[in-house]
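Text of data.cif, listed as mmCIF, C-alpha atoms and all ligand atoms:
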```cif
data_final
loop_
_atom_site.label_atom_id
_atom_site.label_comp_id
_atom_site.auth_asym_id
_atom_site.auth_seq_id
_atom_site.Cartn_x
_atom_site.Cartn_y
_atom_site.Cartn_z
CA MET A 15 -9.16 13.38 -0.87
CA MET A 16 -7.27 12.93 2.38
CA LEU A 17 -4.90 9.94 2.46
CA GLY A 18 -3.62 8.05 5.46
CA LEU A 19 -0.38 6.18 4.73
CA LEU A 20 0.40 3.16 6.92
CA ALA A 21 3.88 1.64 6.90
CA SER A 22 6.17 -0.47 9.05
CA GLY A 23 9.75 0.21 8.01
CA ARG A 24 11.87 1.70 5.26
CA GLY A 25 9.05 3.61 3.58
CA SER A 26 10.28 3.86 0.00
CA ASN A 27 6.71 3.47 -1.26
CA VAL A 28 5.54 6.23 1.06
CA GLN A 29 8.40 8.32 -0.28
CA ALA A 30 7.22 7.69 -3.86
CA ILE A 31 3.71 8.84 -2.87
CA LEU A 32 5.03 11.96 -1.12
CA GLU A 33 7.14 12.84 -4.16
CA ALA A 34 4.22 12.27 -6.52
CA ALA A 35 2.08 14.56 -4.36
CA ALA A 36 4.75 17.26 -4.35
CA ALA A 37 5.03 17.01 -8.13
CA GLY A 38 1.27 17.34 -8.62
CA ARG A 39 0.94 13.74 -9.85
CA LEU A 40 -1.70 12.59 -7.34
CA GLY A 41 -4.65 14.57 -8.60
CA ARG A 42 -6.63 15.85 -5.63
CA ALA A 43 -5.24 13.20 -3.29
CA LEU A 44 -3.34 14.68 -0.36
CA PRO A 45 -1.13 12.72 2.07
CA ALA A 46 -2.56 13.83 5.43
CA VAL A 47 -0.68 11.61 7.86
CA VAL A 48 1.86 8.78 7.95
CA ILE A 49 1.41 6.20 10.70
CA ALA A 50 3.98 3.53 11.55
CA ASN A 51 3.36 0.58 13.86
CA VAL A 52 7.10 0.31 14.63
CA GLU A 53 8.97 2.86 16.77
CA GLY A 54 11.81 4.57 14.94
CA ALA A 55 10.77 3.28 11.51
CA ALA A 56 12.66 5.14 8.77
CA VAL A 57 9.36 6.05 7.13
CA LEU A 58 8.63 8.51 9.95
CA GLU A 59 11.65 10.63 9.12
CA ARG A 60 10.71 10.62 5.43
CA ALA A 61 7.28 11.98 6.33
CA ARG A 62 8.67 14.70 8.59
CA THR A 63 11.15 15.78 5.91
CA ALA A 64 8.23 16.14 3.51
CA GLY A 65 6.29 18.16 6.08
CA VAL A 66 3.63 15.49 6.58
CA PRO A 67 2.52 14.63 10.14
CA ALA A 68 4.03 11.35 11.34
CA ARG A 69 2.67 9.22 14.16
CA THR A 70 3.77 5.97 15.77
CA ILE A 71 1.17 3.54 17.10
CA PRO A 72 3.08 0.40 18.16
CA HIS A 73 0.92 -2.69 17.85
CA GLN A 74 2.76 -4.28 20.81
CA GLY A 75 1.16 -1.69 23.05
CA PHE A 76 -2.20 -3.40 22.64
CA SER A 77 -3.20 -6.83 23.87
CA ARG A 78 -6.12 -7.07 21.43
CA ARG A 79 -5.99 -6.40 17.70
CA GLU A 80 -9.34 -4.57 17.87
CA ASP A 81 -7.86 -2.03 20.29
CA PHE A 82 -4.85 -1.44 18.04
CA GLU A 83 -7.22 -0.95 15.11
CA ALA A 84 -9.42 1.41 17.10
CA ALA A 85 -6.34 3.50 17.90
CA LEU A 86 -5.42 3.59 14.19
CA VAL A 87 -8.96 4.59 13.22
CA GLY A 88 -8.96 7.30 15.88
CA ALA A 89 -5.66 8.78 14.68
CA LEU A 90 -6.71 8.67 11.03
CA GLY A 91 -9.95 10.40 12.00
CA GLU A 92 -8.01 13.27 13.53
CA TYR A 93 -6.63 13.98 10.07
CA ARG A 94 -9.98 13.47 8.34
CA VAL A 95 -8.55 10.60 6.34
CA GLU A 96 -10.88 9.19 3.68
CA TRP A 97 -8.67 6.61 1.95
CA VAL A 98 -5.99 4.43 3.52
CA VAL A 99 -2.91 3.20 1.68
CA LEU A 100 -0.95 0.29 3.13
CA ALA A 101 2.57 0.87 1.85
CA GLY A 102 4.77 -1.79 3.40
CA PHE A 103 2.47 -2.16 6.41
CA MET A 104 3.20 -5.57 7.88
CA ARG A 105 0.04 -6.18 9.94
CA LEU A 106 -3.22 -7.79 8.93
CA LEU A 107 -6.22 -5.51 9.41
CA GLY A 108 -9.52 -6.90 10.59
CA PRO A 109 -13.20 -6.02 10.38
CA ARG A 110 -13.03 -3.25 12.94
CA PHE A 111 -10.59 -1.28 10.81
CA LEU A 112 -12.07 -2.12 7.43
CA ALA A 113 -15.57 -1.13 8.54
CA ALA A 114 -14.26 2.37 9.24
CA PHE A 115 -13.07 2.73 5.62
CA PRO A 116 -15.41 0.52 3.60
CA GLY A 117 -13.89 -0.20 0.18
CA ARG A 118 -11.34 2.54 0.76
CA VAL A 119 -8.21 0.65 1.83
CA ILE A 120 -5.57 -0.39 -0.73
CA ASN A 121 -2.30 -2.30 -0.44
CA ILE A 122 0.85 -2.78 -2.52
CA HIS A 123 2.25 -6.31 -2.67
CA PRO A 124 5.51 -7.40 -4.32
CA SER A 125 4.21 -10.28 -6.45
CA LEU A 126 1.67 -10.92 -9.16
CA LEU A 127 -1.19 -11.98 -6.90
CA PRO A 128 -2.76 -14.45 -6.36
CA ALA A 129 0.74 -15.95 -6.61
CA PHE A 130 2.96 -15.64 -3.55
CA PRO A 131 0.85 -13.87 -0.91
CA GLY A 132 2.26 -13.19 2.56
CA VAL A 133 5.86 -12.44 3.44
CA ARG A 134 9.04 -12.77 1.34
CA SER A 135 7.12 -12.96 -1.93
CA GLN A 136 10.27 -12.40 -3.97
CA ALA A 137 11.97 -15.39 -2.31
CA GLN A 138 8.81 -17.42 -2.91
CA ALA A 139 8.93 -16.45 -6.60
CA LEU A 140 12.59 -17.49 -6.90
CA ALA A 141 11.93 -20.78 -5.11
CA ALA A 142 9.03 -21.53 -7.46
CA GLY A 143 11.20 -20.84 -10.51
CA VAL A 144 8.78 -18.43 -12.19
CA LYS A 145 10.12 -16.41 -15.13
CA VAL A 146 7.93 -13.37 -14.52
CA SER A 147 6.98 -11.66 -11.27
CA GLY A 148 5.99 -8.13 -10.33
CA CYS A 149 3.72 -6.17 -8.05
CA THR A 150 0.02 -5.77 -7.37
CA VAL A 151 -2.09 -2.95 -6.00
CA HIS A 152 -5.32 -4.32 -4.57
CA PHE A 153 -8.26 -3.45 -2.37
CA VAL A 154 -7.86 -4.85 1.11
CA ASP A 155 -10.27 -7.38 2.51
CA GLU A 156 -9.93 -9.52 5.62
CA GLY A 157 -7.77 -12.13 3.91
CA LEU A 158 -4.01 -12.14 3.45
CA ASP A 159 -3.44 -10.30 0.14
CA THR A 160 -6.74 -11.60 -1.25
CA GLY A 161 -8.72 -8.46 -2.13
CA PRO A 162 -9.79 -7.40 -5.65
CA ILE A 163 -6.85 -6.55 -7.90
CA ILE A 164 -6.68 -2.96 -9.18
CA ALA A 165 -3.42 -2.94 -11.14
CA GLN A 166 -0.34 -5.04 -11.72
CA ALA A 167 3.10 -4.54 -13.26
CA ALA A 168 5.32 -7.40 -14.40
CA VAL A 169 9.10 -7.73 -14.40
CA PRO A 170 11.29 -10.57 -15.69
CA VAL A 171 12.95 -12.96 -13.26
CA LEU A 172 16.49 -13.43 -14.55
CA ASP A 173 18.72 -16.48 -14.11
CA ASP A 174 21.19 -14.79 -11.80
CA ASP A 175 18.65 -12.98 -9.61
CA ASP A 176 18.81 -13.29 -5.87
CA GLU A 177 16.16 -11.98 -3.50
CA ALA A 178 17.74 -8.53 -3.23
CA VAL A 179 18.14 -8.03 -6.97
CA LEU A 180 14.62 -9.20 -7.79
CA SER A 181 13.18 -7.09 -4.94
CA ALA A 182 14.89 -3.98 -6.29
CA ARG A 183 13.56 -4.59 -9.81
CA ILE A 184 10.03 -5.05 -8.47
CA LEU A 185 10.34 -2.05 -6.15
CA ARG A 186 10.98 0.28 -9.09
CA GLU A 187 7.61 -0.77 -10.50
CA GLU A 188 5.92 -0.43 -7.10
CA HIS A 189 7.07 3.18 -6.89
CA ARG A 190 5.47 3.92 -10.26
CA LEU A 191 2.30 1.85 -9.91
CA LEU A 192 1.08 2.88 -6.45
CA PRO A 193 0.99 6.65 -7.11
CA GLU A 194 -0.67 5.96 -10.47
CA VAL A 195 -3.45 3.99 -8.80
CA ILE A 196 -3.94 6.67 -6.13
CA ARG A 197 -4.30 9.26 -8.85
CA GLY A 198 -6.79 7.03 -10.65
CA ILE A 199 -8.86 6.74 -7.48
CA ALA A 200 -8.69 10.50 -6.89
CA GLU A 201 -9.89 11.12 -10.44
CA GLY A 202 -12.75 8.64 -10.14
CA ARG A 203 -11.28 6.33 -12.78
CA VAL A 204 -11.15 3.20 -10.60
CA VAL A 205 -14.45 1.35 -10.79
CA ARG A 206 -15.07 -1.83 -8.84
CA GLU A 207 -17.48 -4.46 -10.13
CA GLY A 208 -17.36 -7.38 -7.72
CA ARG A 209 -13.88 -8.88 -7.93
CA ARG A 210 -13.11 -7.13 -11.19
CA VAL A 211 -11.76 -3.61 -11.08
CA ARG A 212 -11.64 -1.37 -14.10
CA VAL A 213 -9.12 1.49 -14.31
CA ARG A 214 -10.05 3.93 -17.03
CA PRO A 215 -7.15 5.77 -18.68
CA PRO A 216 -6.56 9.40 -17.70
CA GLU A 217 -8.14 12.07 -19.89
CA GLY A 218 -5.99 14.46 -21.87
CA PRO A 219 -2.18 14.59 -21.93
C1 LIG A 301 7.48 -3.39 -0.49
O1 LIG A 301 8.09 -4.35 -1.32
C2 LIG A 301 6.00 -3.64 -0.37
O2 LIG A 301 5.42 -4.10 -1.55
C3 LIG A 301 5.97 -4.72 0.68
O3 LIG A 301 6.95 -4.36 1.60
C4 LIG A 301 7.94 -3.55 0.96
C5 LIG A 301 7.99 -2.26 1.68
O4 LIG A 301 9.01 -1.43 1.21
N1 LIG A 301 4.63 -4.87 1.21
P1 LIG A 301 9.05 0.09 1.61
O5 LIG A 301 8.90 0.18 3.12
O6 LIG A 301 7.92 0.80 0.91
O7 LIG A 301 10.38 0.60 1.16
#
```

Encoding of this model in structure tokens:
Amino acid sequence: MMLGLLASGRGSNVQAILEAAAAGRLGRALPAVVIANVEGAAVLERARTAGVPARTIPHQGFSRREDFEAALVGALGEYRVEWVVLAGFMRLLGPRFLAAFPGRVINIHPSLLPAFPGVRSQAQALAAGVKVSGCTVHFVDEGLDTGPIIAQAAVPVLDDDDEAVLSARILREEHRLLPEVIRGIAEGRVVREGRRVRVRPPEGP
């Protein structure tokens, strides 16, 4: 199961996926290519270090979103990508892209959706005064963080948290949850029924 990993910056979630793959924790899922939409993004170096092809397709190079998406689809096709993982990819994808990978695009988001979609979710959580936040892995649809939820992990929000501290606590869960979901998909344990998604537990030890 060939994976295309899309990211925009630091790439710690991509790193978690690459490490899970190297450790045999992704089932038959194989990271085939990492694509960044930002030149010089740190994620590119992480991919190269892991021996995974890394490409940059800057969105600014395209006047129309459809053309940017067509370029992404073309590059992913070169690597025979079947599933796409958005791991800190900061662009909305539209129908052109989603039609190329129907039901096969997932995203990680640093809040318990549907709370706090969009950017700076951890700051939104602090401003709202919630006592629990976390992260969500979901299928991608055309909305902003609105697709069917596959899995979530919760963390406490503590009195003295600032955005950086809460982000770091959530990020630790992101790094665990996203590879787990990818493995579940690779093993055919993720079953979608409308908006509800069932993840069956792994078999054996
Ligand atoms: C993560 O918190 C992810 O959930 C969000 O952006 C951040 C990306 O971090 N969408 P990294 O690039 O994976 O380190």

Can you tell me which residues come within 6 Å of ligand LIG 301 (chain A) when counting all atoms listed in the file, ideally as a list in words? Gly23, Arg24, Gly25, Ser26, Asn27, Val28, Ala101, Gly102, Ile122, His123, Pro124 and Leu185 of chain A

Could you check the closest approach to Trp97 of chain A for each of A:Ile184, A:Leu19, A:Val52, A:Val179 and tell me which residue wins, using all atoms listed in the file? A:Leu19

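Considering only C-alpha atoms, the residue among A:Ile120, A:Leu40, A:Ala34, A:Ala61 positioned nearest to Gly161 of chain A is A:Ile120.
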
Across A:Ala182, A:Leu192, A:Ala64, A:Ala114, the smallest distance to Glu33 of chain A, with only C-alpha atoms counted, is shown by A:Ala64

Separation of atom CA of Val204 of chain A from atom CA of Gln136 of chain A in Å: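 Interatomic distance here is 27.3 Å.
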
Kindly complete segment 68-103 of chain A to N, CA and C atoms; the output should be written as a compact mmCIF listing (two decimals), in the coordinates of the input.
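Saved result, selection.txt, follows:
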```
# COMPACT_ATOMS: atom_id res chain seq x y z
N ALA A 68 3.63 12.75 11.18
CA ALA A 68 4.03 11.35 11.34
C ALA A 68 3.69 10.90 12.75
N ARG A 69 3.06 9.75 12.85
CA ARG A 69 2.67 9.22 14.16
C ARG A 69 3.15 7.78 14.29
N THR A 70 3.44 7.37 15.52
CA THR A 70 3.77 5.97 15.77
C THR A 70 2.70 5.39 16.69
N ILE A 71 2.13 4.26 16.25
CA ILE A 71 1.17 3.54 17.10
C ILE A 71 1.66 2.09 17.14
N PRO A 72 2.49 1.75 18.13
CA PRO A 72 3.08 0.40 18.16
C PRO A 72 2.02 -0.64 18.48
N HIS A 73 1.95 -1.67 17.63
CA HIS A 73 0.92 -2.69 17.85
C HIS A 73 1.18 -3.46 19.14
N GLN A 74 2.48 -3.52 19.57
CA GLN A 74 2.76 -4.28 20.81
C GLN A 74 2.12 -3.65 22.03
N GLY A 75 1.77 -2.38 21.91
CA GLY A 75 1.16 -1.69 23.05
C GLY A 75 -0.27 -2.11 23.32
N PHE A 76 -0.80 -3.01 22.50
CA PHE A 76 -2.20 -3.40 22.64
C PHE A 76 -2.30 -4.92 22.77
N SER A 77 -3.09 -5.38 23.73
CA SER A 77 -3.20 -6.83 23.87
C SER A 77 -4.21 -7.39 22.86
N ARG A 78 -5.13 -6.56 22.40
CA ARG A 78 -6.12 -7.07 21.43
C ARG A 78 -6.00 -6.29 20.13
N ARG A 79 -6.11 -7.03 19.01
CA ARG A 79 -5.99 -6.40 17.70
C ARG A 79 -7.05 -5.31 17.52
N GLU A 80 -8.26 -5.55 18.05
CA GLU A 80 -9.34 -4.57 17.87
C GLU A 80 -8.96 -3.22 18.49
N ASP A 81 -8.23 -3.28 19.63
CA ASP A 81 -7.86 -2.03 20.29
C ASP A 81 -6.79 -1.28 19.49
N PHE A 82 -5.85 -2.04 18.92
CA PHE A 82 -4.85 -1.44 18.04
C PHE A 82 -5.56 -0.78 16.85
N GLU A 83 -6.50 -1.49 16.28
CA GLU A 83 -7.22 -0.95 15.11
C GLU A 83 -8.05 0.27 15.49
N ALA A 84 -8.64 0.24 16.66
CA ALA A 84 -9.42 1.41 17.10
C ALA A 84 -8.51 2.63 17.25
N ALA A 85 -7.29 2.39 17.75
CA ALA A 85 -6.34 3.50 17.90
C ALA A 85 -5.95 4.05 16.52
N LEU A 86 -5.74 3.15 15.55
CA LEU A 86 -5.42 3.59 14.19
C LEU A 86 -6.57 4.42 13.62
N VAL A 87 -7.79 3.90 13.77
CA VAL A 87 -8.96 4.59 13.22
C VAL A 87 -9.11 5.97 13.86
N GLY A 88 -8.87 6.03 15.18
CA GLY A 88 -8.96 7.30 15.88
C GLY A 88 -7.95 8.31 15.35
N ALA A 89 -6.70 7.87 15.17
CA ALA A 89 -5.66 8.78 14.68
C ALA A 89 -5.96 9.23 13.27
N LEU A 90 -6.40 8.31 12.41
CA LEU A 90 -6.71 8.67 11.03
C LEU A 90 -7.87 9.67 11.00
N GLY A 91 -8.81 9.48 11.92
CA GLY A 91 -9.95 10.40 12.00
C GLY A 91 -9.53 11.82 12.34
N GLU A 92 -8.50 11.93 13.17
CA GLU A 92 -8.01 13.27 13.53
C GLU A 92 -7.55 14.06 12.32
N TYR A 93 -7.12 13.32 11.30
CA TYR A 93 -6.63 13.98 10.07
C TYR A 93 -7.65 13.91 8.94
N ARG A 94 -8.87 13.54 9.30
CA ARG A 94 -9.98 13.47 8.34
C ARG A 94 -9.66 12.59 7.14
N VAL A 95 -8.95 11.51 7.42
CA VAL A 95 -8.55 10.60 6.34
C VAL A 95 -9.77 9.91 5.74
N GLU A 96 -9.78 9.84 4.40
CA GLU A 96 -10.88 9.19 3.68
C GLU A 96 -10.45 7.87 3.04
N TRP A 97 -9.22 7.83 2.56
CA TRP A 97 -8.67 6.61 1.95
C TRP A 97 -7.39 6.23 2.68
N VAL A 98 -7.18 4.92 2.81
CA VAL A 98 -5.99 4.43 3.52
C VAL A 98 -5.14 3.62 2.54
N VAL A 99 -3.85 3.92 2.53
CA VAL A 99 -2.91 3.20 1.68
C VAL A 99 -1.95 2.43 2.57
N LEU A 100 -1.93 1.11 2.42
CA LEU A 100 -0.95 0.29 3.13
C LEU A 100 0.27 0.19 2.23
N ALA A 101 1.36 0.80 2.67
CA ALA A 101 2.57 0.87 1.85
C ALA A 101 3.70 0.24 2.65
N GLY A 102 3.79 -1.09 2.58
CA GLY A 102 4.77 -1.79 3.40
C GLY A 102 4.32 -1.85 4.85
N PHE A 103 3.03 -2.04 5.05
CA PHE A 103 2.47 -2.16 6.41
C PHE A 103 2.31 -3.64 6.70
```
